[in-house]
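Here's upload18.cif, which has mmCIF, C-alpha atoms:
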```
data_work
loop_
_atom_site.label_atom_id
_atom_site.label_comp_id
_atom_site.auth_asym_id
_atom_site.auth_seq_id
_atom_site.Cartn_x
_atom_site.Cartn_y
_atom_site.Cartn_z
CA MET A 24 22.56 -87.59 10.34
CA GLY A 25 26.29 -87.43 9.74
CA LEU A 26 28.81 -84.61 9.70
CA THR A 27 27.82 -80.97 9.52
CA ILE A 28 29.74 -77.71 9.33
CA GLY A 29 29.31 -74.85 11.76
CA VAL A 30 30.28 -71.32 10.79
CA ASP A 31 31.14 -68.62 13.32
CA ILE A 32 31.26 -65.07 11.91
CA GLY A 33 33.63 -63.03 14.03
CA GLY A 34 34.75 -59.43 13.81
CA THR A 35 38.19 -60.35 12.43
CA LYS A 36 37.78 -63.90 11.14
CA ILE A 37 35.19 -66.36 9.89
CA ALA A 38 35.73 -69.88 11.20
CA ALA A 39 34.15 -73.03 9.80
CA GLY A 40 34.46 -76.43 11.40
CA VAL A 41 33.36 -79.98 10.64
CA VAL A 42 31.50 -81.33 13.68
CA ASP A 43 30.32 -84.86 14.40
CA GLU A 44 27.16 -85.86 16.25
CA GLU A 45 29.02 -85.92 19.60
CA GLY A 46 30.11 -82.31 19.23
CA ASN A 47 33.72 -83.07 18.29
CA ILE A 48 35.40 -80.67 15.86
CA LEU A 49 37.20 -82.73 13.22
CA SER A 50 38.68 -79.96 11.09
CA THR A 51 38.57 -76.19 10.83
CA PHE A 52 39.24 -73.51 8.23
CA LYS A 53 39.48 -69.77 8.85
CA VAL A 54 39.44 -66.74 6.58
CA PRO A 55 39.63 -63.01 7.40
CA THR A 56 36.29 -61.24 7.81
CA PRO A 57 35.78 -58.83 4.89
CA THR A 58 34.14 -55.44 5.25
CA THR A 59 31.29 -55.62 2.73
CA PRO A 60 28.14 -57.78 2.98
CA GLU A 61 28.62 -59.57 -0.34
CA ALA A 62 32.28 -60.24 0.38
CA ILE A 63 31.27 -61.78 3.72
CA VAL A 64 28.96 -64.19 1.92
CA ASP A 65 31.85 -65.16 -0.36
CA ALA A 66 34.10 -65.62 2.67
CA ILE A 67 31.54 -67.86 4.38
CA ALA A 68 31.42 -70.02 1.27
CA ALA A 69 35.22 -70.15 1.11
CA SER A 70 35.45 -71.20 4.76
CA VAL A 71 32.89 -73.98 4.21
CA GLU A 72 34.73 -75.26 1.16
CA GLY A 73 38.03 -75.23 3.04
CA ALA A 74 36.63 -77.12 6.03
CA ARG A 75 34.71 -79.75 4.06
CA ALA A 76 37.73 -81.07 2.15
CA GLY A 77 37.91 -84.83 2.68
CA HIS A 78 34.60 -85.04 4.54
CA GLU A 79 31.09 -86.05 3.51
CA ILE A 80 28.93 -83.15 4.76
CA VAL A 81 25.13 -83.17 5.09
CA GLY A 82 24.46 -79.57 6.07
CA VAL A 83 25.77 -76.20 7.24
CA GLY A 84 24.76 -74.06 10.22
CA ILE A 85 25.75 -70.38 10.30
CA GLY A 86 25.84 -68.34 13.50
CA ALA A 87 25.14 -64.69 12.67
CA ALA A 88 25.10 -61.77 15.10
CA GLY A 89 21.71 -60.30 14.38
CA TYR A 90 17.98 -60.87 14.21
CA VAL A 91 17.27 -64.07 12.25
CA ASN A 92 13.80 -65.04 11.07
CA ARG A 93 11.92 -68.04 12.37
CA GLN A 94 12.51 -69.94 9.14
CA ARG A 95 16.29 -69.77 9.82
CA SER A 96 16.94 -68.26 6.44
CA THR A 97 17.01 -64.46 6.52
CA VAL A 98 18.88 -61.99 8.70
CA TYR A 99 16.37 -59.24 9.43
CA PHE A 100 19.00 -56.92 10.86
CA ALA A 101 22.65 -57.20 11.87
CA PRO A 102 24.17 -54.42 13.99
CA ASN A 103 27.76 -54.86 12.81
CA ILE A 104 27.21 -55.89 9.19
CA ASP A 105 25.10 -53.99 6.69
CA TRP A 106 22.58 -56.82 6.41
CA ARG A 107 18.94 -55.76 6.17
CA GLN A 108 16.49 -58.51 5.16
CA GLU A 109 19.52 -60.46 3.94
CA PRO A 110 18.60 -63.87 2.37
CA LEU A 111 21.75 -65.48 3.74
CA LYS A 112 20.56 -69.09 3.49
CA GLU A 113 19.72 -68.73 -0.19
CA LYS A 114 22.99 -67.02 -1.06
CA VAL A 115 25.26 -69.47 0.75
CA GLU A 116 23.37 -72.53 -0.51
CA ALA A 117 23.87 -71.31 -4.07
CA ARG A 118 27.63 -71.17 -3.49
CA VAL A 119 28.25 -74.39 -1.54
CA GLY A 120 25.52 -76.74 -2.81
CA LEU A 121 24.55 -77.89 0.69
CA PRO A 122 21.49 -77.34 2.89
CA VAL A 123 22.08 -74.28 5.06
CA VAL A 124 20.38 -72.96 8.20
CA VAL A 125 21.06 -69.55 9.75
CA GLU A 126 20.94 -69.10 13.51
CA ASN A 127 21.49 -66.18 15.83
CA ASP A 128 25.05 -66.59 17.11
CA ALA A 129 24.09 -66.40 20.79
CA ASN A 130 21.38 -69.00 20.24
CA ALA A 131 23.95 -71.23 18.56
CA ALA A 132 26.38 -70.83 21.46
CA ALA A 133 23.60 -71.53 23.96
CA TRP A 134 22.65 -74.71 22.15
CA GLY A 135 26.27 -75.84 22.01
CA GLU A 136 26.66 -75.39 25.76
CA TYR A 137 23.33 -77.06 26.50
CA LYS A 138 24.01 -80.07 24.27
CA PHE A 139 27.74 -80.63 24.72
CA GLY A 140 28.93 -78.42 27.58
CA ALA A 141 27.72 -77.14 30.91
CA GLY A 142 24.05 -77.99 30.25
CA ALA A 143 24.46 -81.74 30.82
CA GLY A 144 21.59 -83.06 32.92
CA HIS A 145 19.39 -79.99 32.46
CA ARG A 146 16.17 -79.66 30.44
CA ASN A 147 15.49 -75.98 31.15
CA VAL A 148 18.41 -73.57 31.01
CA ILE A 149 18.98 -69.93 30.20
CA CYS A 150 22.35 -69.05 28.72
CA ILE A 151 23.86 -65.61 28.75
CA THR A 152 27.05 -64.52 27.04
CA LEU A 153 29.02 -61.81 28.81
CA GLY A 154 31.41 -60.37 26.27
CA THR A 155 31.78 -56.97 24.70
CA GLY A 156 27.96 -56.99 24.75
CA LEU A 157 25.39 -59.33 26.28
CA GLY A 158 23.47 -62.06 24.47
CA GLY A 159 21.75 -65.29 25.33
CA GLY A 160 19.57 -68.24 24.51
CA ILE A 161 16.52 -70.02 25.92
CA ILE A 162 16.28 -73.82 26.14
CA ILE A 163 12.99 -74.99 27.63
CA GLY A 164 11.92 -78.63 27.54
CA ASN A 165 15.10 -79.57 25.65
CA LYS A 166 14.20 -77.22 22.81
CA LEU A 167 15.76 -73.95 21.67
CA ARG A 168 13.03 -71.32 21.93
CA ARG A 169 13.34 -68.70 19.21
CA GLY A 170 9.96 -66.99 19.62
CA HIS A 171 7.21 -66.47 17.06
CA PHE A 172 9.28 -64.27 14.75
CA GLY A 173 12.61 -65.93 15.57
CA VAL A 174 14.15 -63.08 17.52
CA ALA A 175 13.65 -64.10 21.17
CA ALA A 176 16.40 -63.99 23.81
CA GLU A 177 17.87 -60.62 22.87
CA PHE A 178 18.55 -60.22 26.57
CA GLY A 179 21.12 -57.49 26.15
CA HIS A 180 18.43 -55.10 24.97
CA ILE A 181 16.01 -55.49 27.85
CA ARG A 182 15.62 -51.97 29.22
CA MET A 183 16.94 -52.07 32.76
CA VAL A 184 17.12 -48.29 33.35
CA PRO A 185 14.42 -45.99 31.91
CA ASP A 186 16.13 -43.19 29.98
CA GLY A 187 19.49 -44.69 30.91
CA LEU A 188 22.71 -44.95 28.96
CA LEU A 189 22.44 -44.81 25.17
CA CYS A 190 22.90 -48.22 23.58
CA GLY A 191 24.27 -49.05 20.16
CA CYS A 192 20.84 -50.40 19.24
CA GLY A 193 19.45 -46.85 19.52
CA SER A 194 17.55 -47.42 22.75
CA GLN A 195 18.48 -46.26 26.25
CA GLY A 196 19.13 -48.18 29.44
CA CYS A 197 19.71 -51.61 27.85
CA TRP A 198 21.01 -54.37 30.13
CA GLU A 199 24.27 -54.74 28.20
CA GLN A 200 25.16 -51.13 28.96
CA TYR A 201 25.42 -52.18 32.61
CA ALA A 202 26.39 -55.86 32.36
CA SER A 203 29.13 -56.50 29.78
CA GLY A 204 32.86 -56.25 29.24
CA ARG A 205 32.41 -52.73 27.97
CA ALA A 206 30.51 -51.80 31.14
CA LEU A 207 33.22 -53.33 33.35
CA VAL A 208 35.90 -51.16 31.76
CA ARG A 209 33.70 -48.08 32.15
CA TYR A 210 33.21 -48.80 35.84
CA ALA A 211 36.94 -49.19 36.33
CA LYS A 212 37.78 -45.97 34.49
CA GLN A 213 35.20 -44.00 36.45
CA ARG A 214 36.44 -45.31 39.79
CA ALA A 215 40.10 -44.86 38.92
CA ASN A 216 39.42 -41.29 37.90
CA ALA A 217 37.51 -40.54 41.11
CA THR A 218 39.92 -42.29 43.52
CA PRO A 219 43.27 -42.88 41.81
CA GLU A 220 44.90 -43.68 45.15
CA ARG A 221 42.78 -46.88 45.29
CA ALA A 222 43.70 -47.84 41.72
CA ASP A 223 47.49 -47.85 41.78
CA ILE A 224 47.75 -51.53 40.76
CA LEU A 225 45.22 -51.09 37.97
CA LEU A 226 46.75 -47.89 36.62
CA ALA A 227 50.23 -49.41 36.60
CA LEU A 228 49.05 -52.14 34.23
CA GLY A 229 48.14 -49.57 31.56
CA ASP A 230 49.65 -46.23 30.67
CA GLY A 231 49.14 -44.77 34.14
CA THR A 232 45.90 -42.98 33.27
CA PRO A 233 42.26 -44.07 33.60
CA ASP A 234 41.84 -43.82 29.83
CA GLY A 235 44.51 -46.48 29.38
CA ILE A 236 42.59 -49.13 31.34
CA GLU A 237 41.57 -52.22 29.36
CA GLY A 238 39.48 -55.22 30.29
CA LYS A 239 42.50 -57.49 30.78
CA HIS A 240 43.94 -54.98 33.23
CA VAL A 241 40.82 -55.07 35.39
CA SER A 242 41.00 -58.84 35.67
CA VAL A 243 44.69 -58.93 36.63
CA ALA A 244 44.29 -56.08 39.11
CA ALA A 245 41.26 -57.67 40.76
CA ARG A 246 43.19 -60.89 41.33
CA GLN A 247 45.91 -58.82 42.99
CA GLY A 248 43.38 -57.23 45.32
CA CYS A 249 43.13 -53.78 43.74
CA PRO A 250 40.12 -52.13 45.44
CA VAL A 251 38.93 -50.30 42.32
CA ALA A 252 39.12 -53.45 40.17
CA VAL A 253 37.32 -55.54 42.79
CA ASP A 254 34.61 -52.89 43.17
CA SER A 255 34.18 -52.76 39.40
CA TYR A 256 33.53 -56.52 39.27
CA ARG A 257 31.04 -56.18 42.11
CA GLU A 258 29.18 -53.47 40.21
CA LEU A 259 29.10 -55.61 37.09
CA ALA A 260 27.85 -58.58 39.14
CA ARG A 261 25.14 -56.47 40.76
CA TRP A 262 23.62 -55.77 37.35
CA VAL A 263 24.10 -59.28 36.01
CA GLY A 264 22.47 -60.82 39.08
CA ALA A 265 19.53 -58.42 38.99
CA GLY A 266 18.90 -59.35 35.35
CA LEU A 267 19.11 -63.07 36.07
CA ALA A 268 16.53 -62.64 38.84
CA ASP A 269 14.17 -61.10 36.32
CA LEU A 270 14.80 -63.94 33.86
CA ALA A 271 14.10 -66.44 36.65
CA SER A 272 10.69 -64.84 37.15
CA LEU A 273 9.99 -65.31 33.44
CA PHE A 274 11.42 -68.78 32.73
CA ASP A 275 12.18 -70.52 36.07
CA PRO A 276 15.18 -72.48 34.72
CA SER A 277 17.14 -75.08 36.66
CA ALA A 278 20.39 -73.37 35.69
CA PHE A 279 21.88 -70.24 34.21
CA ILE A 280 24.94 -70.91 32.07
CA VAL A 281 27.26 -67.91 31.89
CA GLY A 282 29.53 -67.81 28.85
CA GLY A 283 31.46 -65.20 26.91
CA GLY A 284 34.88 -63.79 27.64
CA LEU A 285 34.05 -62.62 31.16
CA SER A 286 33.10 -66.15 32.22
CA ASP A 287 36.75 -67.13 31.74
CA GLU A 288 37.42 -65.30 35.01
CA GLY A 289 35.62 -68.08 36.90
CA ASP A 290 34.62 -67.40 40.48
CA LEU A 291 36.07 -63.89 40.35
CA VAL A 292 32.94 -62.95 38.44
CA LEU A 293 30.60 -65.88 39.17
CA ASP A 294 30.62 -65.71 42.97
CA PRO A 295 29.44 -62.08 43.14
CA ILE A 296 26.90 -62.79 40.38
CA ARG A 297 25.46 -65.65 42.45
CA LYS A 298 25.19 -63.41 45.51
CA SER A 299 23.51 -60.64 43.54
CA TYR A 300 21.12 -63.08 41.88
CA LYS A 301 20.06 -64.48 45.25
CA ARG A 302 19.71 -60.94 46.60
CA TRP A 303 17.33 -59.83 43.86
CA LEU A 304 15.40 -63.09 43.38
CA VAL A 305 11.85 -62.69 44.65
CA GLY A 306 11.33 -65.15 47.51
CA GLY A 307 14.94 -66.21 47.20
CA ASN A 308 15.18 -67.39 50.80
CA TRP A 309 12.16 -69.67 50.45
CA ARG A 310 12.22 -71.09 46.92
CA PRO A 311 14.54 -73.35 44.91
CA VAL A 312 17.34 -71.30 43.38
CA ALA A 313 18.77 -72.06 39.94
CA ASP A 314 22.45 -72.86 39.67
CA VAL A 315 24.68 -70.21 38.10
CA ILE A 316 27.43 -72.13 36.30
CA ALA A 317 30.28 -71.33 33.96
CA ALA A 318 30.16 -72.31 30.31
CA GLN A 319 32.60 -75.04 29.30
CA LEU A 320 33.13 -74.78 25.54
CA GLY A 321 34.69 -71.32 25.37
CA ASN A 322 34.83 -69.81 21.90
CA LYS A 323 33.96 -73.17 20.33
CA ALA A 324 30.36 -73.05 21.56
CA GLY A 325 28.94 -71.04 18.67
CA LEU A 326 30.57 -73.13 15.96
CA VAL A 327 29.61 -76.45 17.58
CA GLY A 328 26.08 -75.26 18.32
CA ALA A 329 25.50 -73.95 14.80
CA ALA A 330 26.72 -77.23 13.32
CA ASP A 331 24.43 -79.29 15.55
CA LEU A 332 21.43 -77.06 14.85
CA ALA A 333 21.91 -77.84 11.15
CA ARG A 334 20.75 -81.36 12.10
CA GLU A 335 17.66 -80.10 13.92
CA PRO A 336 14.35 -80.20 12.03
CA ASP A 337 12.78 -76.95 10.84
CA PRO A 338 11.19 -75.40 13.97
CA VAL A 339 8.38 -73.80 11.97
CA MET A 340 5.23 -75.90 12.15
#
```
Can the structure in the file be given as structure tokens, please?
Amino acid sequence: MGLTIGVDIGGTKIAAGVVDEEGNILSTFKVPTPTTPEAIVDAIAASVEGARAGHEIVGVGIGAAGYVNRQRSTVYFAPNIDWRQEPLKEKVEARVGLPVVVENDANAAAWGEYKFGAGAGHRNVICITLGTGLGGGIIIGNKLRRGHFGVAAEFGHIRMVPDGLLCGCGSQGCWEQYASGRALVRYAKQRANATPERADILLALGDGTPDGIEGKHVSVAARQGCPVAVDSYRELARWVGAGLADLASLFDPSAFIVGGGLSDEGDLVLDPIRKSYKRWLVGGNWRPVADVIAAQLGNKAGLVGAADLAREPDPVM
């Protein structure tokens, strides 16, 4: 179908890239992310116009963090942008004069990994993104499964703990409160506060206090053998693995692809996740066990996936 543009809306920048049918990014254009909804629409249009210069483009795919309708046109709700029933497709099409589809950003990243990254050779995969929060995507039978209303795979908001920690979504006990970069830092701070003598390496990387611990400190300290940092990763992995076991009961995939910033830590995080997953998987000693593999595309997955999904036919029958 030719070249398409993928748009990734980040907290600080909006990136647009021209992507070919093999998933190669041919050019990119970035603009700062504004603070108001209408200004963001203008910025999306500006990023598309900047990226398309010199290219013949057939469509645009936008990855938006939020609940997107099945028609891939309207953002029902976005937690970090004041979009409520936002007709994003219509608004951007009016500005750029190209066909536009809107996808959930985690779905777009999942599709990018499935099509051009770690999903090679698989027909049924579940992708999760371990970043500040937790998202994901479902590919079954080589198709991205969005659900009847378009808002499937909001894995981060599965309630893992009844009446548990308050989540930004307004609910309590959501999976991402226990399995995310934010959760990892909380575990490290709690443990460093309780047993500072076991956290000397970790504390030295910050300002010397538990409150000064950041995610990057936990990673460095764990690789240096800091007991508190290692324990914090194990706690994170315990929750991730337990959630994957539940997803295996629902979808029975051949592989789980783990992306997001935490996946950059490789086996430091993946090995304990695999052990926890096997521990919590019902019948795990007697049944085939899905692979747990690292994503390959990094922060390009969402842009590449959104661009490729612009070539996909309308999923609404």
Picked residues, the PyMOL selection byres ((chain A and resi 30) around 7), as a compact mmCIF listing (two decimals) with C-alpha atoms, in the coordinates of the input:
```txt
# COMPACT_ATOMS: atom_id res chain seq x y z
CA ILE A 28 29.74 -77.71 9.33
CA GLY A 29 29.31 -74.85 11.76
CA ASP A 31 31.14 -68.62 13.32
CA ILE A 32 31.26 -65.07 11.91
CA ALA A 38 35.73 -69.88 11.20
CA ALA A 39 34.15 -73.03 9.80
CA GLY A 40 34.46 -76.43 11.40
CA GLY A 84 24.76 -74.06 10.22
CA ILE A 85 25.75 -70.38 10.30
CA GLY A 86 25.84 -68.34 13.50
CA LEU A 326 30.57 -73.13 15.96
CA ALA A 329 25.50 -73.95 14.80
```
For this session: Enumerate, as a PyMOL selection string, the residues matched when the PyMOL selection byres ((chain A and resi 188-200) around 9) is run on the file above.
Result: chain A and resi 102+153+155-158+178-187+201-206+262-263+266
Exercise. In Å to one decimal, how far is CA of Asn92 in chain A from CA of Phe274 in chain A?
Worked result: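 Pair CA of Phe274 in chain A / CA of Asn92 in chain A returns 22.1 Å.
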For this session: Calculate how many Å separate CA of Val98 in chain A from CA of Asn130 in chain A, rounding to one decimal.
Result: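 About the pair CA of Val98 in chain A and CA of Asn130 in chain A: they are 13.7 Å apart.
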Surrounding residues of Ala317 in chain A excluding itself and chain neighbours under 4 positions, 8 Å, only C-alpha atoms, as a PDB file with C-alpha atoms, in the frame of the given file:
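After the write, out18.pdb holds the following:
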```
ATOM      1  CA  ALA A 141      27.720 -77.140  30.910  1.00  0.00           C
ATOM      2  CA  ILE A 280      24.940 -70.910  32.070  1.00  0.00           C
ATOM      3  CA  VAL A 281      27.260 -67.910  31.890  1.00  0.00           C
ATOM      4  CA  GLY A 282      29.530 -67.810  28.850  1.00  0.00           C
ATOM      5  CA  SER A 286      33.100 -66.150  32.220  1.00  0.00           C
ATOM      6  CA  GLY A 289      35.620 -68.080  36.900  1.00  0.00           C
ATOM      7  CA  LEU A 293      30.600 -65.880  39.170  1.00  0.00           C
TER       8      LEU A 293
END
```
For this session: Name the residues that the PyMOL selection byres ((chain A and resi 24) around 10) pulls out of this structure, and write them as number ranges by chain.
Result: A: 25-27, 43-44, 80-82, 331, 333-335
Exercise. Leaving out Gly33 in chain A and any residue of its chain fewer than 6 positions from it, which residues lie within 12 Å of it when counting only C-alpha atoms, given as a list in words?
Worked result: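 My list of contacting residues is Ala39, Lys53, Val54, Pro55, Thr56, Pro57, Thr58, Ile63, Ala66, Ile67, Ile85, Gly86, Ala87, Ala88, Asn103, Ile104, Asp128, Asn322, Lys323, Gly325 and Leu326 of chain A.
CA of Phe172 in chain A is positioned 22.3 Å from CA of Tyr137 in chain A.
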Exercise. Which of these residues is nearest to Val327 in chain A, using all atoms listed in the file: A:Lys138, A:Arg168, A:Arg246, A:Arg221?
Worked result: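 Among A:Lys138, A:Arg168, A:Arg246, A:Arg221, it is A:Lys138 that comes nearest to Val327 in chain A.
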Problem set entry | Selected residue of minimal separation from Ala313 in chain A among A:Arg257, A:Lys239, A:His171, A:His145, counting only C-alpha atoms |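 Once distances to Ala313 in chain A are computed over only C-alpha atoms, the minimum belongs to A:His145.
Nearest to Glu116 in chain A of all the residues A:Leu304, A:Val312, A:Ala222, A:Val83 is A:Val83, counting all atoms listed in the file.
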Problem set entry | Using only C-alpha atoms: which of A:Ser277, A:Thr232, A:Asn47, A:Ser255 has the shortest distance to Pro295 in chain A |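 The shortest atom-to-atom distance to Pro295 in chain A comes from A:Ser255.
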Exercise. Which residue gives the smallest distance to Lys212 in chain A among A:Val251, A:Ala227, A:Cys150, A:Ala245, with all atoms listed in the file counted?
Worked result: A:Val251
Problem set entry | Residue contacts of Gly159 in chain A (6 Å, all atoms listed in the file) excluding same-chain residues fewer than 2 positions away, as a list in words | Ala129, Cys150, Ile151, Thr152 and Ala176 of chain A
For this session: Determine, counting all atoms listed in the file, which protein, DNA and RNA residues have an atom within 12 Å of an atom of Asp65 in chain A; residues of the same chain fewer than 3 positions away are not included. Present the result as JSON, numbers by chain.
Result: {"A": [37, 54, 55, 56, 57, 58, 59, 60, 61, 62, 68, 69, 70, 71, 72, 111, 114, 115, 116, 117, 118, 119]}
Include C-alpha atoms and write out the residues we just selected as a short mmCIF file (atom, residue, chain, number, x, y, z; two decimals), in the frame of the given file.
```cif
data_model
loop_
_atom_site.label_atom_id
_atom_site.label_comp_id
_atom_site.auth_asym_id
_atom_site.auth_seq_id
_atom_site.Cartn_x
_atom_site.Cartn_y
_atom_site.Cartn_z
CA ILE A 37 35.19 -66.36 9.89
CA VAL A 54 39.44 -66.74 6.58
CA PRO A 55 39.63 -63.01 7.40
CA THR A 56 36.29 -61.24 7.81
CA PRO A 57 35.78 -58.83 4.89
CA THR A 58 34.14 -55.44 5.25
CA THR A 59 31.29 -55.62 2.73
CA PRO A 60 28.14 -57.78 2.98
CA GLU A 61 28.62 -59.57 -0.34
CA ALA A 62 32.28 -60.24 0.38
CA ALA A 68 31.42 -70.02 1.27
CA ALA A 69 35.22 -70.15 1.11
CA SER A 70 35.45 -71.20 4.76
CA VAL A 71 32.89 -73.98 4.21
CA GLU A 72 34.73 -75.26 1.16
CA LEU A 111 21.75 -65.48 3.74
CA LYS A 114 22.99 -67.02 -1.06
CA VAL A 115 25.26 -69.47 0.75
CA GLU A 116 23.37 -72.53 -0.51
CA ALA A 117 23.87 -71.31 -4.07
CA ARG A 118 27.63 -71.17 -3.49
CA VAL A 119 28.25 -74.39 -1.54
#
```
Exercise. Near Ala265 in chain A, within 12 Å and counting only C-alpha atoms, which residues show up once chain neighbours fewer than 4 positions away are dropped, as a ChimeraX atom specification?
Worked result: /A:183-184,198,201-202,258-261,269-272,295-305
Exercise. Within 7 Å of (19.8, -60.7, 17.4), all atoms listed in the file: residues as a PyMOL selection string?
Worked result: chain A and resi 88-91+127+174+177
Exercise. Which of these residues is nearest to Asp337 in chain A, using all atoms listed in the file: A:Ile163, A:Val124, A:Leu285, A:Ile149?
Worked result: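 Among the listed residues, the smallest separation from Asp337 in chain A belongs to A:Val124.
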